[in-house]
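Following: one structure in structure tokens, then a few remarks.
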Amino acid sequence: MESEIIEKFDDSPLSRKHIKWTTLSAFGDYLDAGALVAGAVSAVYWLSYFRISIVMIGLIFAFRQFGMWGGSLIAGPLGDRFGRKAIYTYDLIFYFAGATVIAISTNIYEMVFAYLILSIAIGVDVPTTWSLISEFSPKRNRGGLTGFTNIFWYVGPIVIIFIAIGTIFLGINVFRVVFGSLALIAIITWFLRRDIIESPRWAIENHRGDLVAKGLNDLGISGTKSNSLHPAYNKKWKWTDIFKYWKGLVLVVPLYILWGIPASTYGTFLPYFIKTYAKTTILSSYIGTFLWFVFAIIALIVVYIPFIDKTNRKIMYSISTAIMLVSFSLLIFFPFSAINILFISIILFGFGQGVGMWPLSRLWSTELFPTHIRNTAQGFVWSWNRLIVGFWTLSVAFIISAVSLKGLAIIFTIFMVIALLVGGILGPDSHGKTLEETITDFYRSGKKKKV
């Protein structure tokens, strides 16, 4: 009975409801990247307004990573025990509070504390979003729908950059405007998310036939009675179960980190790098960041979303990573002050990750763990990324002093070589498969693993 119900969701045609639920969920990524770039464009103002050094800026952005690390560890188990949608009930209220306090802060202590609260809320929201979207998506559209989260991750910074450019005449108060805009989006999203479906897979495993019936009804599919789910289907949550799926962890944890370090470095410091080392204006530094996100969106819309559910995903990942490898290699052979080459590198960086590296990392991370621990696994995987990136962010200023920006480019190029090997060899080709089929195929070794 339960498998027949899941098939109705997996085989359902893509509908406006799917698009609506995915869009509202994906606003978590808008708020994540929006806060990242809001901090980046604000840093040049914080330096003078709060009278702090670039080392202190690095410390602030490290706190952001540590906040997301803690939030993701908290949210993972909560989402598996109480439902994906339960997380959405409170998390963005905390984000709203944090962004609001930053917007009105008058001293460094208020700002840092609020940024930490905002970051914890992001850590709670984002991994849960990915689990939820994967679990309600039709199997032939799962890759494309999860790609929406990446689009919103890039749209958020573009909007923030436009706001920053449009209010540049306000000087120091630019940071108040950009964080104020994030607070507004957070509270609106929190309100609209009340209509989102609960994960049908989670609902079935927790005997919530009422939620399953509502989901089927929303999709216009003949459903099931709310009391027709059988208790025998239940799988009890146990945190250590994620280690039974160690092969998935061995794949996705490195991929998150190998992408996360370069992306977070650029997201946090790129405007500062361009302005300081390429000796350009603040406006030019914004344009460089803008190019990154625009070309990532182009790649997602033109390449990733149309083809990810129709072609071999390992091939797409490999092509994507190779493009990013070329991007960083350019900065080894050309100086950072060569602004045209720098912008070409940034364009390739954005386009390359949009083709598959970033969206496939998060898609695989949702596909390779069963429902009863999927959210816990998302939190665990993402927490490793945030924790390591946090320590990296603390060290960026010292790393640049020691090895220069060319040395940084060499490090990132090596990262891409490793990512190409790991993802190209171990990554699954899961297009057109259900989540359960993907897990069975990936972990098969002589006989099928029960999921």
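Labels for the structure tokens follow display order: chains A, B, ..., residues from 1 in each chain, ligands from 1.
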
Non-local contacts of A:Gly147 (6 Å; only C-alpha atoms; under 3 positions in same chain excluded) as a ChimeraX atom specification: /A:144,150,359

Output file for the residues above (all heavy atoms, as an mmCIF file, in the first residue's frame):
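Output contents, as saved in selection_34.cif:
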```cif
data_model
loop_
_atom_site.group_PDB
_atom_site.id
_atom_site.type_symbol
_atom_site.label_atom_id
_atom_site.label_comp_id
_atom_site.auth_asym_id
_atom_site.auth_seq_id
_atom_site.Cartn_x
_atom_site.Cartn_y
_atom_site.Cartn_z
ATOM 1 N N GLY A 144 15.930 18.586 -11.868
ATOM 2 C CA GLY A 144 15.577 19.938 -12.291
ATOM 3 C C GLY A 144 14.979 20.768 -11.179
ATOM 4 O O GLY A 144 15.301 21.954 -11.032
ATOM 5 N N ASN A 150 19.518 26.091 -6.401
ATOM 6 C CA ASN A 150 20.758 26.723 -6.841
ATOM 7 C C ASN A 150 20.504 28.057 -7.522
ATOM 8 O O ASN A 150 21.250 29.024 -7.329
ATOM 9 C CB ASN A 150 21.513 25.800 -7.797
ATOM 10 C CG ASN A 150 21.966 24.524 -7.127
ATOM 11 O OD1 ASN A 150 21.254 23.523 -7.160
ATOM 12 N ND2 ASN A 150 23.133 24.538 -6.501
ATOM 13 N N PRO A 359 25.016 21.981 -7.983
ATOM 14 C CA PRO A 359 23.692 21.344 -7.849
ATOM 15 C C PRO A 359 23.749 19.831 -7.704
ATOM 16 O O PRO A 359 22.931 19.250 -6.980
ATOM 17 C CB PRO A 359 22.963 21.756 -9.139
ATOM 18 C CG PRO A 359 24.026 22.196 -10.075
ATOM 19 C CD PRO A 359 25.129 22.739 -9.239
#
```

Between A:Ile323, A:Ala97, A:Leu92, A:Ala33, which is the closest to A:Val124 once you count only C-alpha atoms? A:Leu92

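Rounded to one decimal, atom CA of A:Gly215 and atom CA of A:Leu363 lie 22.3 Å from each other.
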
Show which residues sit within 7 Å of stretch 101-110 of chain A, as an MDAnalysis selection string. Count only C-alpha atoms, and ignore same-chain residues fewer than 6 positions away. chainID A and resid 50 175:177 179:180

Taking only C-alpha atoms into account, name the residue in A:Phe380, A:Phe295, A:Phe148, A:Phe63 that is nearest to A:Ala114. A:Phe63

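Distances here use only C-alpha atoms; by that measure, the residue among A:Asp80, A:Asp195, A:Glu436, A:Asp125 closest to A:Trp239 is A:Asp80.
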
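Reported to one decimal place, the separation of atom CA of A:Thr276 from atom CA of A:Leu405 is 11.6 Å.
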
Near-A:Ser42 list (12 Å; only C-alpha atoms; drop same-chain fewer than 2 positions) as a ChimeraX atom specification: /A:34-40,44-50,57,60-61,102-103,111,160-161,163-165,167-168,171-179,268-269,271-272,282,286

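Distance-wise, atom CA of A:Lys314 and atom CA of A:Met416 end up 14.9 Å apart.
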
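Of the residues listed (A:Gly71, A:Gly390, A:Pro157, A:Pro138), A:Pro138 shows the shortest atom-to-atom separation from A:Lys17; distances use only C-alpha atoms.
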
Which residues come within 12 Å of A:Leu420, counting only C-alpha atoms, excluding same-chain residues fewer than 2 positions away, as number ranges by chain? A: 251, 254-255, 258-259, 314-325, 356-357, 361, 413-418, 422-427

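Restricting the calculation to only C-alpha atoms, the smallest distance between A:Asn375 and any of A:Ile261, A:Ala26, A:Ala121, A:Val126 is found for A:Val126.
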
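Between A:Val112 and the candidates A:Gly58, A:Gly143, A:Gly76, A:Gly28, the tightest atom-to-atom separation, counting only C-alpha atoms, involves A:Gly58.
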